[in-house]
file work05.cif (mmCIF, C-alpha atoms and all ligand atoms)
data_protein
#
loop_
_atom_site.label_atom_id
_atom_site.label_comp_id
_atom_site.auth_asym_id
_atom_site.auth_seq_id
_atom_site.Cartn_x
_atom_site.Cartn_y
_atom_site.Cartn_z
CA MET J 1 110.31 -50.21 -194.10
CA VAL J 2 108.16 -53.15 -195.18
CA SER J 3 107.31 -55.31 -192.15
CA GLY J 4 109.58 -58.34 -191.72
CA THR J 5 112.24 -57.23 -194.22
CA GLN J 6 115.95 -56.80 -193.64
CA ALA J 7 115.59 -53.30 -195.13
CA LYS J 8 113.24 -52.39 -192.33
CA SER J 9 115.59 -53.45 -189.55
CA ASP J 10 118.53 -51.82 -191.36
CA ALA J 11 116.59 -48.55 -191.54
CA LYS J 12 115.70 -48.67 -187.86
CA THR J 13 119.26 -49.51 -186.86
CA ALA J 14 120.51 -46.53 -188.87
CA LEU J 15 117.87 -44.03 -187.75
CA HIS J 16 116.96 -44.92 -184.15
CA VAL J 17 117.82 -42.29 -181.53
CA GLY J 18 117.49 -42.02 -177.74
CA GLY J 19 116.39 -44.39 -175.00
CA ALA J 20 113.17 -46.15 -173.95
CA ASN J 21 111.60 -42.76 -173.20
CA VAL J 22 112.05 -41.40 -176.73
CA LEU J 23 109.40 -42.04 -179.37
CA ASN J 24 110.97 -42.84 -182.73
CA PHE J 25 108.17 -42.08 -185.20
CA TYR J 26 108.67 -43.05 -188.85
CA THR J 27 106.50 -42.34 -191.86
CA ALA J 28 107.11 -44.63 -194.82
CA ASN J 29 105.61 -46.69 -197.60
CA ILE J 30 105.31 -49.67 -195.27
CA GLY J 31 103.64 -52.04 -197.76
CA GLY J 32 101.58 -55.14 -197.13
CA GLY J 33 98.33 -53.16 -197.05
CA LEU J 34 99.26 -51.98 -193.55
CA LEU J 35 98.50 -48.59 -192.08
CA GLY J 36 101.02 -48.80 -189.28
CA TRP J 37 102.97 -50.87 -186.81
CA ALA J 38 104.38 -50.31 -183.34
CA THR J 39 106.52 -52.03 -180.74
CA PHE J 40 105.22 -52.61 -177.19
CA PRO J 41 107.03 -51.04 -174.23
CA TRP J 42 107.95 -54.42 -172.71
CA SER J 43 109.84 -55.31 -175.92
CA TYR J 44 112.23 -52.38 -175.59
CA SER J 45 114.87 -54.08 -173.48
CA GLY J 46 115.22 -57.04 -175.86
CA ALA J 47 115.59 -54.92 -179.01
CA PRO J 48 116.19 -51.24 -178.21
CA THR J 49 116.97 -50.05 -181.73
CA MET J 50 113.80 -51.71 -183.09
CA ASP J 51 111.63 -49.64 -180.73
CA GLY J 52 109.18 -47.18 -182.28
CA VAL J 53 106.16 -46.54 -184.45
CA ALA J 54 105.75 -46.37 -188.22
CA CYS J 55 102.78 -45.03 -190.13
CA LEU J 56 101.92 -45.24 -193.79
CA TYR J 57 102.95 -41.82 -195.12
CA SER J 58 99.57 -41.26 -196.76
CA SER J 59 97.72 -41.85 -193.45
CA LEU J 60 98.87 -38.45 -192.19
CA PRO J 61 96.24 -35.69 -192.16
CA GLY J 62 95.36 -34.76 -195.73
CA GLY J 63 97.07 -37.84 -197.20
CA ALA J 64 95.60 -40.12 -199.85
CA ALA J 65 94.69 -43.11 -197.61
CA ALA J 66 91.03 -42.10 -197.05
CA PRO J 67 89.16 -43.03 -194.86
CA PHE J 68 92.37 -43.41 -192.85
CA ASN J 69 93.88 -39.99 -193.55
CA GLU J 70 93.14 -37.93 -190.45
CA GLY J 71 96.21 -39.05 -188.54
CA HIS J 72 94.58 -41.53 -186.17
CA THR J 73 96.79 -44.37 -187.33
CA GLY J 74 99.44 -42.35 -185.50
CA THR J 75 97.21 -42.03 -182.41
CA HIS J 76 96.48 -45.78 -182.50
CA GLU J 77 100.12 -46.83 -182.93
CA VAL J 78 101.33 -44.58 -180.12
CA GLY J 79 98.64 -46.26 -177.97
CA HIS J 80 100.39 -49.59 -178.68
CA TRP J 81 103.78 -47.99 -178.00
CA LEU J 82 102.45 -47.05 -174.55
CA GLY J 83 101.16 -50.57 -173.89
CA LEU J 84 97.55 -50.62 -175.09
CA TYR J 85 95.99 -53.59 -176.86
CA HIS J 86 93.07 -53.45 -179.31
CA THR J 87 89.61 -53.11 -177.75
CA PHE J 88 88.73 -56.45 -179.41
CA GLN J 89 91.81 -58.20 -177.96
CA GLY J 90 90.68 -61.44 -176.36
CA GLY J 91 87.19 -61.13 -177.88
CA CYS J 92 84.34 -61.85 -175.47
CA ALA J 93 86.57 -62.70 -172.52
CA THR J 94 86.25 -60.69 -169.35
CA THR J 95 89.97 -59.89 -169.28
CA ASN J 96 89.77 -58.71 -172.89
CA ASP J 97 92.30 -55.89 -173.35
CA TYR J 98 93.28 -55.71 -169.64
CA VAL J 99 91.41 -52.39 -169.33
CA SER J 100 88.29 -52.57 -167.18
CA ASP J 101 86.29 -49.68 -168.67
CA THR J 102 86.42 -50.88 -172.29
CA PRO J 103 83.62 -53.41 -172.89
CA ALA J 104 84.63 -56.81 -174.28
CA GLU J 105 84.30 -56.90 -178.09
CA ARG J 106 84.09 -59.97 -180.33
CA SER J 107 85.94 -58.65 -183.40
CA PRO J 108 87.28 -55.41 -184.93
CA ALA J 109 84.77 -52.69 -185.81
CA TYR J 110 85.23 -51.48 -189.40
CA GLY J 111 83.68 -48.35 -190.86
CA CYS J 112 81.66 -46.80 -188.03
CA PRO J 113 79.05 -49.25 -186.72
CA ARG J 114 77.84 -47.06 -183.84
CA GLY J 115 75.71 -48.88 -181.28
CA ARG J 116 77.20 -52.31 -182.02
CA ASN J 117 77.17 -54.71 -179.07
CA SER J 118 79.05 -57.82 -180.15
CA CYS J 119 79.37 -59.49 -176.73
CA SER J 120 75.79 -59.11 -175.56
CA GLY J 121 74.43 -60.81 -172.48
CA ILE J 122 74.51 -60.28 -168.77
CA ALA J 123 78.22 -61.02 -168.41
CA PHE J 124 79.20 -58.31 -170.94
CA PRO J 125 77.54 -55.00 -170.21
CA GLY J 126 78.16 -52.07 -172.51
CA LYS J 127 78.20 -51.36 -176.19
CA ASP J 128 81.40 -51.84 -178.18
CA SER J 129 83.98 -49.05 -178.11
CA VAL J 130 83.45 -48.29 -181.78
CA ASN J 131 84.84 -44.77 -181.40
CA ASN J 132 87.93 -45.84 -179.46
CA PHE J 133 91.37 -45.11 -180.92
CA MET J 134 92.37 -48.76 -180.30
CA ASN J 135 89.65 -50.18 -182.57
CA TYR J 136 89.81 -50.48 -186.40
CA ALA J 137 87.09 -47.99 -187.34
CA ASP J 138 87.57 -45.21 -189.90
CA ASP J 139 89.51 -42.17 -188.69
CA TYR J 140 86.46 -39.85 -188.57
CA CYS J 141 84.80 -42.33 -186.18
CA MET J 142 87.71 -42.40 -183.72
CA SER J 143 87.51 -39.94 -180.86
CA GLN J 144 88.62 -41.33 -177.52
CA PHE J 145 90.81 -43.24 -175.14
CA THR J 146 89.04 -44.19 -171.89
CA ALA J 147 90.21 -43.24 -168.39
CA GLY J 148 91.25 -46.87 -167.90
CA GLN J 149 93.39 -46.79 -171.04
CA ALA J 150 94.97 -43.51 -169.92
CA SER J 151 95.82 -45.10 -166.60
CA ARG J 152 97.30 -48.21 -168.29
CA MET J 153 99.41 -45.96 -170.55
CA ASP J 154 100.64 -44.05 -167.47
CA SER J 155 101.64 -47.26 -165.68
CA MET J 156 103.35 -48.76 -168.71
CA ALA J 157 105.21 -45.51 -169.39
CA THR J 158 106.49 -45.51 -165.81
CA LEU J 159 107.31 -49.21 -165.71
CA TYR J 160 109.04 -49.61 -169.07
CA ARG J 161 109.89 -46.18 -170.42
CA GLY J 162 111.04 -44.23 -167.35
CA LEU J 163 108.41 -41.56 -168.05
N1 LIG I 1 95.83 -51.97 -188.32
C1 LIG I 1 96.78 -51.11 -187.68
C2 LIG I 1 97.20 -51.69 -186.35
O1 LIG I 1 96.62 -52.63 -185.85
C3 LIG I 1 96.29 -49.68 -187.58
C4 LIG I 1 94.84 -49.41 -187.59
C5 LIG I 1 94.58 -47.93 -187.66
N2 LIG I 1 93.21 -47.60 -187.87
C6 LIG I 1 92.77 -46.39 -188.28
N3 LIG I 1 91.50 -46.13 -188.38
N4 LIG I 1 93.61 -45.45 -188.58
O2 LIG I 1 98.15 -51.24 -185.71
ZN ZN I 2 96.76 -51.89 -183.72
CA CA I 3 88.22 -54.27 -171.52
#

call {"tool": "encode", "arguments": {"input": "work05.cif", "output": "structure tokens"}}
result
Amino acid sequence: MVSGTQAKSDAKTALHVGGANVLNFYTANIGGGLLGWATFPWSYSGAPTMDGVACLYSSLPGGAAAPFNEGHTGTHEVGHWLGLYHTFQGGCATTNDYVSDTPAERSPAYGCPRGRNSCSGIAFPGKDSVNNFMNYADDYCMSQFTAGQASRMDSMATLYRGL
């Protein structure tokens, strides 16, 4: 299931089950230094059998991919599957990730740089969402989706996944 390979699309074609409302969750040795990948809900109709989420097998809780082995690659990828972008999407633009209660963020947060404020200034109130599941911090640092993200996931699930 290496990203971009024929083997990956063959595997998905063979294994995919259900409709837009069913989460196909794969664990694999996905290669390329990646922890996971996901398809967005609005891509379902164009490629139904490609829909789903894959996580590096060793990112599951207790796996060998420390500091990414508490399962939050799964949490993050399912966030994408329900229509969320990264908190640093769009950088220091006010639209940013299309969620109003996540502050704009210039670039991914790695490790756990609590208190970071990468888009400072009057137009960008609020510290970066370092502990958000849709950032790139270490798993131990990840602890929340915001209410705005929950509401976006609800709308996307209704709009594209019949949930
Ligand atoms: N880089 C991957 C993505 O953008 C997953 C990042 C997961 N991060 C983590 N701390 N588990 O989909
Ligand atoms: Zn991501
Ligand atoms: Ca935002």

call {"tool": "closest_atom_pairs", "arguments": {"input": "work05.cif", "of": "range 128-149 of chain J", "to": "range 59-64 of chain J", "cutoff": "12 Å", "atoms": "all atoms listed in the file", "output": "JSON lines"}}
result
{"residue": "J:Asp138", "atom": "CA", "partner": "J:Ser59", "partner_atom": "CA", "distance": 11.3}
{"residue": "J:Asp139", "atom": "CA", "partner": "J:Ser59", "partner_atom": "CA", "distance": 9.5}
{"residue": "J:Tyr140", "atom": "CA", "partner": "J:Pro61", "partner_atom": "CA", "distance": 11.2}

call {"tool": "closest_atom_pairs", "arguments": {"input": "work05.cif", "of": "range 110-160 of chain J", "to": "range 32-49 of chain J", "cutoff": "10 Å", "atoms": "all atoms listed in the file", "output": "JSON lines"}}
result
{"residue": "J:Met153", "atom": "CA", "partner": "J:Pro41", "partner_atom": "CA", "distance": 9.9}
{"residue": "J:Met156", "atom": "CA", "partner": "J:Pro41", "partner_atom": "CA", "distance": 7.0}
{"residue": "J:Ala157", "atom": "CA", "partner": "J:Pro41", "partner_atom": "CA", "distance": 7.6}
{"residue": "J:Leu159", "atom": "CA", "partner": "J:Pro41", "partner_atom": "CA", "distance": 8.7}
{"residue": "J:Tyr160", "atom": "CA", "partner": "J:Pro41", "partner_atom": "CA", "distance": 5.7}

call {"tool": "write_last_selection", "arguments": {"input": "work05.cif", "atoms": "C-alpha atoms", "output": "mmCIF file, in the coordinates of the input"}}
result
data_model
loop_
_atom_site.group_PDB
_atom_site.id
_atom_site.type_symbol
_atom_site.label_atom_id
_atom_site.label_comp_id
_atom_site.auth_asym_id
_atom_site.auth_seq_id
_atom_site.Cartn_x
_atom_site.Cartn_y
_atom_site.Cartn_z
ATOM 1 C CA MET J 153 99.410 -45.960 -170.550
ATOM 2 C CA MET J 156 103.350 -48.760 -168.710
ATOM 3 C CA ALA J 157 105.210 -45.510 -169.390
ATOM 4 C CA LEU J 159 107.310 -49.210 -165.710
ATOM 5 C CA TYR J 160 109.040 -49.610 -169.070
#

call {"tool": "closest_residue", "arguments": {"input": "work05.cif", "among": "J:Leu23, J:Leu84, J:Ala150, J:Ala14", "to": "ligand LIG 1 (chain I)", "atoms": "only C-alpha atoms and all ligand atoms"}}
result
J:Leu84

call {"tool": "residues_near_ligand", "arguments": {"input": "work05.cif", "ligand": "ligand ZN 2 (chain I)", "cutoff": "8 Å", "atoms": "all atoms listed in the file", "output": "JSON, numbers by chain"}}
result
{"J": [36, 37, 38, 76, 77, 80, 85, 86, 134, 135, 136]}

call {"tool": "atom_distance", "arguments": {"input": "work05.cif", "atom1": "CA of Gly91 in chain J", "atom2": "CA of Gly115 in chain J"}}
result
17.1 Å
